[in-house]
>>> print(open('run_33.csv').read())   # CSV, C-alpha atoms and all ligand atoms
chain,number,residue,atom,x,y,z
M,1,MET,CA,-1.9,94.8,-101.3
M,2,SER,CA,0.3,94.0,-104.4
M,3,ALA,CA,0.1,90.8,-106.4
M,4,LEU,CA,3.5,89.9,-105.0
M,5,ASP,CA,2.4,90.4,-101.4
M,6,ARG,CA,-0.6,88.1,-102.0
M,7,LEU,CA,1.7,85.5,-103.5
M,8,ALA,CA,4.0,85.7,-100.5
M,9,GLU,CA,1.1,84.4,-98.4
M,10,ARG,CA,0.6,81.2,-100.4
M,11,GLN,CA,2.0,77.8,-99.4
M,12,LEU,CA,2.0,76.3,-102.9
M,13,VAL,CA,2.7,78.3,-106.0
M,14,LEU,CA,2.6,76.8,-109.5
M,15,VAL,CA,4.3,78.6,-112.4
M,16,THR,CA,3.1,77.7,-115.9
M,17,GLY,CA,3.0,79.2,-119.3
M,18,LYS,CA,4.1,78.6,-122.9
M,19,GLY,CA,7.4,76.8,-123.2
M,20,GLY,CA,10.4,79.2,-123.4
M,21,THR,CA,8.6,82.2,-122.0
M,22,GLY,CA,10.5,82.0,-118.7
M,23,LYS,CA,8.7,79.6,-116.4
M,24,THR,CA,11.9,78.2,-114.9
M,25,THR,CA,13.5,81.6,-114.6
M,26,LEU,CA,10.4,83.1,-112.9
M,27,ALA,CA,10.1,80.2,-110.5
M,28,ALA,CA,13.7,81.0,-109.4
M,29,VAL,CA,12.9,84.7,-109.2
M,30,LEU,CA,9.9,84.0,-107.0
M,31,GLY,CA,12.0,81.7,-104.9
M,32,HIS,CA,14.7,84.4,-104.5
M,33,LEU,CA,12.1,87.0,-103.5
M,34,LEU,CA,10.3,84.9,-101.0
M,35,ALA,CA,13.5,83.6,-99.4
M,36,ALA,CA,14.7,87.2,-99.1
M,37,GLN,CA,11.5,87.9,-97.2
M,38,GLY,CA,12.3,85.3,-94.7
M,39,ARG,CA,10.3,82.4,-96.0
M,40,ARG,CA,11.8,78.9,-96.4
M,41,VAL,CA,11.3,77.9,-100.0
M,42,LEU,CA,11.5,74.7,-102.0
M,43,LEU,CA,11.6,75.0,-105.8
M,44,LEU,CA,10.3,71.8,-107.4
M,45,GLU,CA,11.1,71.1,-111.0
M,46,VAL,CA,8.9,68.5,-112.7
M,47,GLU,CA,10.5,68.5,-116.2
M,48,SER,CA,12.9,65.5,-116.5
M,49,ARG,CA,15.5,67.7,-118.3
M,50,GLU,CA,17.0,69.7,-115.5
M,51,SER,CA,17.5,73.4,-116.0
M,52,LEU,CA,16.5,75.0,-112.7
M,53,HIS,CA,20.0,74.5,-111.3
M,54,GLN,CA,21.4,76.7,-114.0
M,55,ALA,CA,19.2,79.6,-113.0
M,56,LEU,CA,20.4,79.1,-109.5
M,57,GLY,CA,24.1,78.6,-110.3
M,58,ALA,CA,24.1,75.1,-108.8
M,59,GLU,CA,24.9,71.6,-110.0
M,60,PRO,CA,22.0,69.4,-111.2
M,61,SER,CA,20.1,67.9,-108.3
M,62,GLY,CA,19.8,64.4,-109.8
M,63,GLY,CA,16.6,64.0,-107.8
M,64,ALA,CA,18.0,65.0,-104.5
M,65,VAL,CA,17.1,68.1,-102.4
M,66,VAL,CA,19.9,70.6,-102.9
M,67,GLN,CA,20.3,73.9,-100.9
M,68,ALA,CA,20.9,76.8,-103.3
M,69,GLY,CA,21.0,79.7,-100.8
M,70,PRO,CA,19.8,80.8,-97.3
M,71,ARG,CA,16.3,79.4,-96.9
M,72,LEU,CA,16.2,78.2,-100.6
M,73,TRP,CA,16.3,74.6,-101.8
M,74,PHE,CA,15.5,73.0,-105.1
M,75,GLN,CA,14.8,69.5,-106.3
M,76,ASN,CA,14.1,67.8,-109.6
M,77,LEU,CA,11.2,65.4,-109.0
M,78,ARG,CA,11.2,62.0,-110.7
M,79,PRO,CA,7.6,60.9,-111.3
M,80,GLN,CA,8.5,57.2,-110.8
M,81,ALA,CA,10.2,58.0,-107.4
M,82,VAL,CA,7.2,60.0,-106.1
M,83,ILE,CA,4.7,57.3,-107.2
M,84,GLU,CA,6.8,54.7,-105.3
M,85,GLU,CA,6.9,57.0,-102.3
M,86,LEU,CA,3.1,57.3,-102.5
M,87,VAL,CA,2.6,53.6,-102.6
M,88,GLN,CA,5.0,53.0,-99.7
M,89,GLU,CA,3.1,55.6,-97.7
M,90,LYS,CA,-0.2,54.0,-98.4
M,91,LEU,CA,1.1,50.5,-97.9
M,92,PRO,CA,2.9,50.5,-94.6
M,93,ILE,CA,4.3,47.0,-95.0
M,94,ALA,CA,7.6,47.9,-96.8
M,95,TYR,CA,8.1,44.4,-98.1
M,96,LEU,CA,4.7,44.4,-99.9
M,97,ALA,CA,5.1,47.9,-101.2
M,98,ARG,CA,8.4,46.9,-102.7
M,99,ARG,CA,6.9,43.9,-104.3
M,100,ILE,CA,4.3,46.0,-105.9
M,101,THR,CA,6.5,48.9,-107.1
M,102,GLU,CA,8.9,46.4,-108.6
M,103,SER,CA,6.3,44.4,-110.6
M,104,PRO,CA,5.9,45.1,-114.3
M,105,ALA,CA,2.1,45.4,-113.9
M,106,PHE,CA,2.7,48.3,-111.6
M,107,HIS,CA,4.8,50.1,-114.2
M,108,GLN,CA,2.1,49.6,-116.8
M,109,PHE,CA,-0.5,50.9,-114.3
M,110,VAL,CA,1.6,54.0,-113.6
M,111,GLU,CA,2.0,54.8,-117.3
M,112,GLY,CA,-1.7,54.1,-118.1
M,113,ALA,CA,-3.5,55.6,-115.1
M,114,PRO,CA,-4.5,59.1,-116.2
M,115,GLY,CA,-3.4,61.8,-113.7
M,116,LEU,CA,-1.5,59.4,-111.4
M,117,LYS,CA,1.9,61.0,-112.1
M,118,GLU,CA,0.5,64.5,-111.7
M,119,THR,CA,-1.3,63.6,-108.5
M,120,ALA,CA,1.8,62.0,-107.1
M,121,LEU,CA,3.9,65.1,-107.9
M,122,LEU,CA,1.5,67.5,-106.3
M,123,GLY,CA,1.1,65.0,-103.4
M,124,HIS,CA,4.8,65.2,-102.8
M,125,ALA,CA,4.5,69.0,-102.6
M,126,TYR,CA,1.6,68.6,-100.2
M,127,ARG,CA,3.6,66.2,-98.0
M,128,VAL,CA,6.5,68.6,-97.9
M,129,LEU,CA,4.2,71.4,-96.8
M,130,HIS,CA,2.7,69.3,-94.1
M,131,GLY,CA,6.1,68.3,-92.7
M,132,LEU,CA,5.9,64.7,-93.9
M,133,GLN,CA,8.8,65.1,-96.3
M,134,ARG,CA,12.1,66.9,-96.2
M,135,PRO,CA,13.1,69.7,-96.4
M,136,GLU,CA,11.0,71.7,-93.8
M,137,VAL,CA,9.8,74.8,-95.7
M,138,ASP,CA,7.0,77.4,-95.6
M,139,VAL,CA,6.4,77.5,-99.4
M,140,VAL,CA,6.8,75.2,-102.4
M,141,ILE,CA,7.1,76.7,-105.8
M,142,VAL,CA,6.5,74.3,-108.7
M,143,ASP,CA,8.2,75.0,-112.0
M,144,ALA,CA,5.2,73.3,-113.8
M,145,PRO,CA,5.0,71.9,-117.3
M,146,ALA,CA,4.0,74.2,-120.2
M,147,THR,CA,0.5,75.5,-120.7
M,148,GLY,CA,-1.8,72.6,-121.6
M,149,HIS,CA,0.2,70.2,-119.3
M,150,GLY,CA,0.2,72.7,-116.6
M,151,ALA,CA,-3.6,72.9,-116.7
M,152,SER,CA,-3.7,69.1,-116.7
M,153,LEU,CA,-1.5,69.0,-113.6
M,154,LEU,CA,-4.0,71.2,-111.8
M,155,ALA,CA,-7.0,69.1,-113.0
M,156,ALA,CA,-5.4,65.7,-112.2
M,157,PRO,CA,-6.3,65.3,-108.5
M,158,GLY,CA,-9.9,66.1,-109.1
M,159,LEU,CA,-10.1,63.6,-111.9
M,160,MET,CA,-8.2,61.0,-109.9
M,161,ALA,CA,-10.6,61.6,-106.9
M,162,GLN,CA,-13.5,60.7,-109.2
M,163,ALA,CA,-11.8,57.7,-110.8
M,164,ALA,CA,-10.6,56.1,-107.5
M,165,GLU,CA,-13.5,57.1,-105.4
M,166,GLY,CA,-13.6,55.5,-102.0
M,167,GLY,CA,-10.1,54.0,-102.0
M,168,GLN,CA,-7.1,55.4,-100.1
M,169,LEU,CA,-5.7,56.9,-103.3
M,170,GLY,CA,-9.1,58.5,-104.0
M,171,ASP,CA,-9.3,60.0,-100.5
M,172,MET,CA,-5.8,61.5,-100.9
M,173,ALA,CA,-6.7,62.9,-104.4
M,174,ARG,CA,-9.8,64.4,-103.0
M,175,ASP,CA,-7.9,66.2,-100.1
M,176,LEU,CA,-5.4,67.4,-102.7
M,177,ALA,CA,-8.0,68.7,-105.1
M,178,ALA,CA,-9.6,70.6,-102.2
M,179,TYR,CA,-6.2,72.0,-101.2
M,180,LEU,CA,-5.5,73.2,-104.8
M,181,ALA,CA,-8.9,74.8,-105.0
M,182,ASP,CA,-8.2,76.8,-101.8
M,183,ALA,CA,-7.1,80.2,-103.3
M,184,SER,CA,-5.8,81.4,-99.9
M,185,ARG,CA,-3.2,78.6,-99.8
M,186,CYS,CA,-2.5,77.8,-103.4
M,187,GLY,CA,-1.5,80.3,-106.1
M,188,LEU,CA,-0.9,80.2,-109.8
M,189,VAL,CA,1.4,82.3,-111.9
M,190,VAL,CA,1.4,82.4,-115.7
M,191,THR,CA,4.4,83.5,-117.7
M,192,THR,CA,4.1,84.9,-121.3
M,193,GLN,CA,5.9,87.1,-123.8
M,194,ALA,CA,4.3,90.0,-125.6
M,195,GLU,CA,4.3,88.2,-129.0
M,196,GLU,CA,1.4,86.9,-131.0
M,197,LEU,CA,1.6,83.1,-130.3
M,198,PRO,CA,2.4,83.3,-126.5
M,199,VAL,CA,-0.4,85.9,-126.0
M,200,GLN,CA,-2.8,83.7,-128.0
M,201,GLU,CA,-1.8,80.6,-125.9
M,202,THR,CA,-2.1,82.6,-122.7
M,203,LEU,CA,-5.6,83.8,-123.5
M,204,GLU,CA,-6.7,80.3,-124.2
M,205,LEU,CA,-5.1,79.0,-121.0
M,206,LEU,CA,-6.8,81.7,-118.9
M,207,GLN,CA,-10.1,80.8,-120.6
M,208,SER,CA,-9.7,77.1,-120.0
M,209,LEU,CA,-8.6,77.5,-116.3
M,210,ALA,CA,-11.6,79.6,-115.7
M,211,THR,CA,-14.1,77.3,-117.4
M,212,ARG,CA,-12.7,73.9,-116.6
M,213,LEU,CA,-11.3,74.6,-113.1
M,214,ASP,CA,-12.9,77.8,-112.0
M,215,LEU,CA,-9.4,79.0,-111.4
M,216,ARG,CA,-7.9,82.5,-111.8
M,217,PRO,CA,-4.1,83.1,-111.6
M,218,ASP,CA,-2.7,85.4,-109.0
M,219,LEU,CA,-0.5,86.9,-111.5
M,220,VAL,CA,0.4,87.0,-115.2
M,221,VAL,CA,4.0,88.0,-116.0
M,222,VAL,CA,4.9,89.5,-119.4
M,223,ASN,CA,8.5,88.6,-119.7
M,224,GLY,CA,11.4,89.5,-122.0
M,225,LEU,CA,10.1,92.9,-123.1
M,226,TYR,CA,12.3,94.8,-125.5
M,227,PRO,CA,13.5,98.3,-124.3
M,228,ALA,CA,12.1,101.5,-125.7
M,229,VAL,CA,14.5,103.3,-128.1
M,230,PRO,CA,13.5,106.9,-128.4
M,231,GLU,CA,12.6,108.0,-132.0
M,232,ALA,CA,15.0,110.9,-131.6
M,233,GLY,CA,17.7,108.4,-130.4
M,234,PRO,CA,20.2,106.2,-132.3
M,235,ARG,CA,19.7,105.6,-136.0
M,236,GLY,CA,20.4,102.5,-138.1
M,237,ALA,CA,19.1,99.0,-138.7
M,238,TRP,CA,19.6,97.7,-135.2
M,239,ALA,CA,17.9,100.7,-133.6
M,240,ASP,CA,15.0,100.3,-136.0
M,241,LEU,CA,14.7,96.6,-135.3
M,242,LEU,CA,14.5,97.3,-131.6
M,243,ARG,CA,11.8,100.0,-132.1
M,244,ALA,CA,9.8,97.5,-134.2
M,245,ARG,CA,10.1,94.8,-131.5
M,246,HIS,CA,9.1,97.3,-128.9
M,247,ARG,CA,6.0,98.4,-130.9
M,248,MET,CA,5.0,94.8,-131.4
M,249,ASN,CA,5.5,94.1,-127.6
M,250,GLN,CA,3.2,97.1,-126.8
M,251,ALA,CA,0.5,96.0,-129.2
M,252,GLU,CA,0.5,92.4,-127.9
M,253,ARG,CA,0.6,93.4,-124.3
M,254,ALA,CA,-2.4,95.7,-124.9
M,255,ARG,CA,-4.2,92.7,-126.6
M,256,LEU,CA,-3.6,90.6,-123.5
M,257,ALA,CA,-4.6,93.4,-121.1
M,258,ARG,CA,-8.0,93.8,-123.0
M,259,SER,CA,-8.9,90.2,-122.0
M,260,TRP,CA,-7.2,89.8,-118.7
M,261,ASP,CA,-8.2,92.2,-116.0
M,262,GLY,CA,-6.2,90.6,-113.2
M,263,PRO,CA,-2.6,91.5,-112.0
M,264,LEU,CA,-0.2,91.9,-114.9
M,265,LEU,CA,3.5,92.6,-114.3
M,266,ASP,CA,6.2,93.3,-116.8
M,267,LEU,CA,9.8,92.1,-116.9
M,268,PRO,CA,12.4,93.4,-119.3
M,269,LEU,CA,14.6,91.4,-121.6
M,270,LEU,CA,18.0,91.7,-119.9
M,271,PRO,CA,21.4,91.2,-121.6
M,272,LEU,CA,22.4,88.5,-119.1
M,273,GLU,CA,23.1,84.8,-119.4
M,274,ARG,CA,20.9,82.3,-117.6
M,275,GLY,CA,22.1,82.3,-114.0
M,276,PRO,CA,21.9,83.9,-110.5
M,277,ALA,CA,22.8,87.4,-111.8
M,278,LEU,CA,19.8,87.3,-114.2
M,279,VAL,CA,17.5,85.9,-111.4
M,280,ALA,CA,18.6,88.7,-109.0
M,281,ALA,CA,18.2,91.4,-111.5
M,282,LEU,CA,14.7,90.2,-112.5
M,283,ALA,CA,13.7,89.8,-108.9
M,284,GLU,CA,14.6,93.5,-108.4
M,285,ALA,CA,12.6,94.4,-111.6
M,286,LEU,CA,9.6,92.4,-110.4
M,287,ARG,CA,9.7,94.1,-107.0
M,288,GLY,CA,9.8,97.5,-108.8
M,289,ALA,CA,6.9,96.6,-111.2
M,290,ALA,CA,4.7,95.4,-108.3
M,291,ARG,CA,5.1,98.7,-106.4
T,301,LIG,N1,13.8,88.5,-118.9
T,301,LIG,C1,14.8,87.8,-119.4
T,301,LIG,N2,15.9,88.4,-119.9
T,301,LIG,C2,16.9,87.7,-120.5
T,301,LIG,N3,16.9,86.3,-120.6
T,301,LIG,C3,15.8,85.7,-120.1
T,301,LIG,C4,14.7,86.4,-119.5
T,301,LIG,N4,13.8,85.5,-119.1
T,301,LIG,C5,14.2,84.2,-119.5
T,301,LIG,N5,15.4,84.4,-120.1
T,301,LIG,C6,16.2,83.3,-120.7
T,301,LIG,O1,15.4,82.6,-121.7
T,301,LIG,C7,15.7,81.2,-121.7
T,301,LIG,C8,14.3,80.5,-121.5
T,301,LIG,O2,13.9,80.7,-120.1
T,301,LIG,P1,13.3,79.6,-119.2
T,301,LIG,O3,13.0,80.2,-117.9
T,301,LIG,O4,14.2,78.4,-119.3
T,301,LIG,O5,11.9,79.3,-120.0
T,301,LIG,P2,10.9,78.1,-119.8
T,301,LIG,O6,11.2,77.4,-118.4
T,301,LIG,O7,9.6,78.7,-119.9
T,301,LIG,O8,11.2,77.1,-120.9
T,301,LIG,C9,16.7,81.0,-120.6
T,301,LIG,O9,18.0,80.9,-121.2
T,301,LIG,C10,16.6,82.2,-119.7
T,301,LIG,O10,17.8,82.5,-119.0
T,302,MG,MG,11.6,75.4,-118.0
>>> encode(input="run_33.csv", output="structure tokens")
Amino acid sequence: MSALDRLAERQLVLVTGKGGTGKTTLAAVLGHLLAAQGRRVLLLEVESRESLHQALGAEPSGGAVVQAGPRLWFQNLRPQAVIEELVQEKLPIAYLARRITESPAFHQFVEGAPGLKETALLGHAYRVLHGLQRPEVDVVIVDAPATGHGASLLAAPGLMAQAAEGGQLGDMARDLAAYLADASRCGLVVTTQAEELPVQETLELLQSLATRLDLRPDLVVVNGLYPAVPEAGPRGAWADLLRARHRMNQAERARLARSWDGPLLDLPLLPLERGPALVAALAEALRGAAR
């Protein structure tokens, strides 16, 4: 079974990696692939600056659920909104819940409580997957924050469960932590580029996921690889530059592969602008690489 087939069986897929290596693009690519296979997919963006809509060729969501294609939706999640949603769910008396979420003390608590925002964001994905929140989908793909913050996102429910032990929030965090630890339902994809700093950061991330969370990604994607230009091919400064970038890509990819023995798929650097054409072409490339 290929890494993509395994990923297609997950309910929740988180995409993280060094900033700028293609997390948002890859989240859209995976959404495209899974929706094409017949699964109903929600792409969740947790970065406050919206960019997922551009990959999908849509208008910004402004926090709403927007349909971007057959069986494909996306939403930019606002932490404040999901925390309020959480409080309202846990406090069925709407009037009381509103009083709490509107109070300045609540806002201080939200900013100060470690892991609360992260837990609320994942809790939202959990509720969507359990039919408690629109839209009705089979899989949620989270365009997660970059590396260190991505790992913190995954660690948050476990920490929250310890901190709020016994209470309603603690119970929810515990359920969520157990859900995230269930590798048959939740998957993790890491993006990188075959360059020195991204590879270094990826190796450190893989190490810290393994030691801190006992977690192993389903897939590492090496994105934006330069094309091979044959030595006997074109001459000149541009051709030499491309050859040099390609050699560097190969060396760095090999360094990554020496320390990571799990699934590793390559994606080429394509001469396309951010948008649906790029996403479709990369989806095709990923399908080919997984074969
Ligand atoms: N394989 C690729 N080929 C060409 N452009 C790419 C590729 N992957 C990503 N890009 C472009 O690189 C930029 C950064 O990608 P993005 O997915 O936004 O990264 P991140 O979310 O990790 O910050 C975007 O403009 C995107 O369109
Ligand atoms: Mg992004």
>>> residues_around(input="run_33.csv", residues="Arg78 in chain M", least_positions_apart="6", cutoff="9 Å", atoms="all atoms listed in the file", output="PyMOL selection string")
chain M and resi 46-48+62-63+121
>>> write_last_selection(input="run_33.csv", atoms="C-alpha atoms", output="compact mmCIF listing (two decimals), in the coordinates of the input")
# COMPACT_ATOMS: atom_id res chain seq x y z
CA VAL M 46 8.90 68.50 -112.70
CA GLU M 47 10.50 68.50 -116.20
CA SER M 48 12.90 65.50 -116.50
CA GLY M 62 19.80 64.40 -109.80
CA GLY M 63 16.60 64.00 -107.80
CA LEU M 121 3.90 65.10 -107.90
>>> closest_atom_pairs(input="run_33.csv", of="chain M", to="ligand LIG 301 (chain T)", cutoff="10 Å", atoms="only C-alpha atoms and all ligand atoms", output="CSV")
residue,atom,partner,partner_atom,distance
M:Val15,CA,T:LIG301,O7,9.2
M:Thr16,CA,T:LIG301,O7,7.7
M:Gly17,CA,T:LIG301,O7,6.6
M:Lys18,CA,T:LIG301,O7,6.3
M:Gly19,CA,T:LIG301,O7,4.4
M:Gly20,CA,T:LIG301,O8,3.4
M:Thr21,CA,T:LIG301,O7,4.2
M:Gly22,CA,T:LIG301,O3,3.2
M:Lys23,CA,T:LIG301,O7,3.7
M:Thr24,CA,T:LIG301,O6,3.7
M:Thr25,CA,T:LIG301,O3,3.6
M:Leu26,CA,T:LIG301,O3,6.3
M:Ala27,CA,T:LIG301,O3,7.9
M:Ala28,CA,T:LIG301,O3,8.6
M:Val29,CA,T:LIG301,O3,9.8
M:Glu45,CA,T:LIG301,O6,9.7
M:Glu47,CA,T:LIG301,O6,9.2
M:Glu50,CA,T:LIG301,O4,9.9
M:Ser51,CA,T:LIG301,O4,6.8
M:Leu52,CA,T:LIG301,O4,7.8
M:Gln54,CA,T:LIG301,O10,8.5
M:Ala55,CA,T:LIG301,O10,6.8
M:Asp143,CA,T:LIG301,O6,7.5
M:Ala144,CA,T:LIG301,O6,8.6
M:Pro145,CA,T:LIG301,O6,8.4
M:Ala146,CA,T:LIG301,O7,7.2
M:Thr147,CA,T:LIG301,O7,9.7
M:Val190,CA,T:LIG301,O7,9.9
M:Thr191,CA,T:LIG301,O7,7.4
M:Thr192,CA,T:LIG301,O7,8.4
M:Gln193,CA,T:LIG301,N4,9.3
M:Val222,CA,T:LIG301,N1,9.0
M:Asn223,CA,T:LIG301,N1,5.4
M:Gly224,CA,T:LIG301,N1,4.0
M:Leu225,CA,T:LIG301,N1,7.1
M:Tyr226,CA,T:LIG301,N2,9.2
M:Asp266,CA,T:LIG301,N1,9.2
M:Leu267,CA,T:LIG301,N1,5.7
M:Pro268,CA,T:LIG301,N1,5.1
M:Leu269,CA,T:LIG301,N2,3.7
M:Leu270,CA,T:LIG301,N2,3.9
M:Pro271,CA,T:LIG301,C2,5.8
M:Leu272,CA,T:LIG301,C2,5.7
M:Glu273,CA,T:LIG301,O10,5.8
M:Arg274,CA,T:LIG301,O10,3.4
M:Gly275,CA,T:LIG301,O10,6.6
M:Pro276,CA,T:LIG301,O10,9.5
M:Leu278,CA,T:LIG301,C2,6.9
M:Val279,CA,T:LIG301,O10,8.3
M:Ala281,CA,T:LIG301,N1,9.1
M:Leu282,CA,T:LIG301,N1,6.7
M:Ala285,CA,T:LIG301,N1,9.5
>>> write_last_selection(input="run_33.csv", atoms="C-alpha atoms", output="short mmCIF file (atom, residue, chain, number, x, y, z; two decimals), in the coordinates of the input")
data_model
loop_
_atom_site.label_atom_id
_atom_site.label_comp_id
_atom_site.auth_asym_id
_atom_site.auth_seq_id
_atom_site.Cartn_x
_atom_site.Cartn_y
_atom_site.Cartn_z
CA VAL M 15 4.30 78.60 -112.40
CA THR M 16 3.10 77.70 -115.90
CA GLY M 17 3.00 79.20 -119.30
CA LYS M 18 4.10 78.60 -122.90
CA GLY M 19 7.40 76.80 -123.20
CA GLY M 20 10.40 79.20 -123.40
CA THR M 21 8.60 82.20 -122.00
CA GLY M 22 10.50 82.00 -118.70
CA LYS M 23 8.70 79.60 -116.40
CA THR M 24 11.90 78.20 -114.90
CA THR M 25 13.50 81.60 -114.60
CA LEU M 26 10.40 83.10 -112.90
CA ALA M 27 10.10 80.20 -110.50
CA ALA M 28 13.70 81.00 -109.40
CA VAL M 29 12.90 84.70 -109.20
CA GLU M 45 11.10 71.10 -111.00
CA GLU M 47 10.50 68.50 -116.20
CA GLU M 50 17.00 69.70 -115.50
CA SER M 51 17.50 73.40 -116.00
CA LEU M 52 16.50 75.00 -112.70
CA GLN M 54 21.40 76.70 -114.00
CA ALA M 55 19.20 79.60 -113.00
CA ASP M 143 8.20 75.00 -112.00
CA ALA M 144 5.20 73.30 -113.80
CA PRO M 145 5.00 71.90 -117.30
CA ALA M 146 4.00 74.20 -120.20
CA THR M 147 0.50 75.50 -120.70
CA VAL M 190 1.40 82.40 -115.70
CA THR M 191 4.40 83.50 -117.70
CA THR M 192 4.10 84.90 -121.30
CA GLN M 193 5.90 87.10 -123.80
CA VAL M 222 4.90 89.50 -119.40
CA ASN M 223 8.50 88.60 -119.70
CA GLY M 224 11.40 89.50 -122.00
CA LEU M 225 10.10 92.90 -123.10
CA TYR M 226 12.30 94.80 -125.50
CA ASP M 266 6.20 93.30 -116.80
CA LEU M 267 9.80 92.10 -116.90
CA PRO M 268 12.40 93.40 -119.30
CA LEU M 269 14.60 91.40 -121.60
CA LEU M 270 18.00 91.70 -119.90
CA PRO M 271 21.40 91.20 -121.60
CA LEU M 272 22.40 88.50 -119.10
CA GLU M 273 23.10 84.80 -119.40
CA ARG M 274 20.90 82.30 -117.60
CA GLY M 275 22.10 82.30 -114.00
CA PRO M 276 21.90 83.90 -110.50
CA LEU M 278 19.80 87.30 -114.20
CA VAL M 279 17.50 85.90 -111.40
CA ALA M 281 18.20 91.40 -111.50
CA LEU M 282 14.70 90.20 -112.50
CA ALA M 285 12.60 94.40 -111.60
#
>>> closest_residue(input="run_33.csv", among="M:Leu203, M:Ala3, M:Ala120, M:Leu44", to="Leu264 in chain M", atoms="only C-alpha atoms")
M:Ala3
>>> residues_around(input="run_33.csv", residues="Gly148 in chain M", least_positions_apart="4", cutoff="10 Å", atoms="all atoms listed in the file", output="list in words")
Thr16, Gly17, Lys18, Ser152, Leu153, Glu201, Glu204, Leu205, Ser208 and Leu209 of chain M
>>> write_last_selection(input="run_33.csv", atoms="C-alpha atoms", output="CSV table (one decimal), in the frame of the given file")
chain,number,residue,atom,x,y,z
M,16,THR,CA,3.1,77.7,-115.9
M,17,GLY,CA,3.0,79.2,-119.3
M,18,LYS,CA,4.1,78.6,-122.9
M,152,SER,CA,-3.7,69.1,-116.7
M,153,LEU,CA,-1.5,69.0,-113.6
M,201,GLU,CA,-1.8,80.6,-125.9
M,204,GLU,CA,-6.7,80.3,-124.2
M,205,LEU,CA,-5.1,79.0,-121.0
M,208,SER,CA,-9.7,77.1,-120.0
M,209,LEU,CA,-8.6,77.5,-116.3
>>> closest_residue(input="run_33.csv", among="M:Asp218, M:Trp238, M:Arg134, M:Arg247", to="Arg185 in chain M", atoms="all atoms listed in the file")
M:Asp218
>>> residues_around(input="run_33.csv", residues="range 156-162 of chain M", least_positions_apart="3", cutoff="12 Å", atoms="only C-alpha atoms", output="PyMOL selection string")
chain M and resi 113-123+126+149-153+165-181+212-213
>>> write_last_selection(input="run_33.csv", atoms="C-alpha atoms", output="CSV table (one decimal), keeping the file's coordinate frame")
chain,number,residue,atom,x,y,z
M,113,ALA,CA,-3.5,55.6,-115.1
M,114,PRO,CA,-4.5,59.1,-116.2
M,115,GLY,CA,-3.4,61.8,-113.7
M,116,LEU,CA,-1.5,59.4,-111.4
M,117,LYS,CA,1.9,61.0,-112.1
M,118,GLU,CA,0.5,64.5,-111.7
M,119,THR,CA,-1.3,63.6,-108.5
M,120,ALA,CA,1.8,62.0,-107.1
M,121,LEU,CA,3.9,65.1,-107.9
M,122,LEU,CA,1.5,67.5,-106.3
M,123,GLY,CA,1.1,65.0,-103.4
M,126,TYR,CA,1.6,68.6,-100.2
M,149,HIS,CA,0.2,70.2,-119.3
M,150,GLY,CA,0.2,72.7,-116.6
M,151,ALA,CA,-3.6,72.9,-116.7
M,152,SER,CA,-3.7,69.1,-116.7
M,153,LEU,CA,-1.5,69.0,-113.6
M,165,GLU,CA,-13.5,57.1,-105.4
M,166,GLY,CA,-13.6,55.5,-102.0
M,167,GLY,CA,-10.1,54.0,-102.0
M,168,GLN,CA,-7.1,55.4,-100.1
M,169,LEU,CA,-5.7,56.9,-103.3
M,170,GLY,CA,-9.1,58.5,-104.0
M,171,ASP,CA,-9.3,60.0,-100.5
M,172,MET,CA,-5.8,61.5,-100.9
M,173,ALA,CA,-6.7,62.9,-104.4
M,174,ARG,CA,-9.8,64.4,-103.0
M,175,ASP,CA,-7.9,66.2,-100.1
M,176,LEU,CA,-5.4,67.4,-102.7
M,177,ALA,CA,-8.0,68.7,-105.1
M,178,ALA,CA,-9.6,70.6,-102.2
M,179,TYR,CA,-6.2,72.0,-101.2
M,180,LEU,CA,-5.5,73.2,-104.8
M,181,ALA,CA,-8.9,74.8,-105.0
M,212,ARG,CA,-12.7,73.9,-116.6
M,213,LEU,CA,-11.3,74.6,-113.1
>>> atom_distance(input="run_33.csv", atom1="CA of Thr101 in chain M", atom2="CA of Glu84 in chain M")
6.1 Å
>>> closest_residue(input="run_33.csv", among="M:Gln67, M:Gln80, M:Ser184, M:Gln207", to="Arg10 in chain M", atoms="all atoms listed in the file")
M:Ser184
>>> residues_around(input="run_33.csv", residues="Arg255 in chain M", least_positions_apart="2", cutoff="10 Å", atoms="only C-alpha atoms", output="list in words")
Ala194, Glu195, Glu196, Val199, Gln200, Leu203, Asn249, Gln250, Ala251, Glu252, Arg253, Ala257, Arg258, Ser259 and Trp260 of chain M
>>> atom_distance(input="run_33.csv", atom1="CA of Val140 in chain M", atom2="CA of Leu42 in chain M")
4.7 Å
>>> closest_residue(input="run_33.csv", among="M:Leu132, M:Glu89, M:Ser2, M:Val142", to="ligand MG 302 (chain T)", atoms="only C-alpha atoms and all ligand atoms")
M:Val142
>>> atom_distance(input="run_33.csv", atom1="CA of Arg243 in chain M", atom2="CA of Val229 in chain M")
5.8 Å
>>> closest_residue(input="run_33.csv", among="M:Asn76, M:Met1, M:Gln37, M:Ala8", to="ligand MG 302 (chain T)", atoms="only C-alpha atoms and all ligand atoms")
M:Asn76
>>> closest_residue(input="run_33.csv", among="M:Glu85, M:Ala155, M:Ala280, M:Gly38", to="Gly57 in chain M", atoms="only C-alpha atoms")
M:Ala280
>>> residues_around(input="run_33.csv", residues="Ala35 in chain M", least_positions_apart="3", cutoff="9 Å", atoms="all atoms listed in the file", output="PyMOL selection string")
chain M and resi 30-32+38-41+69-72
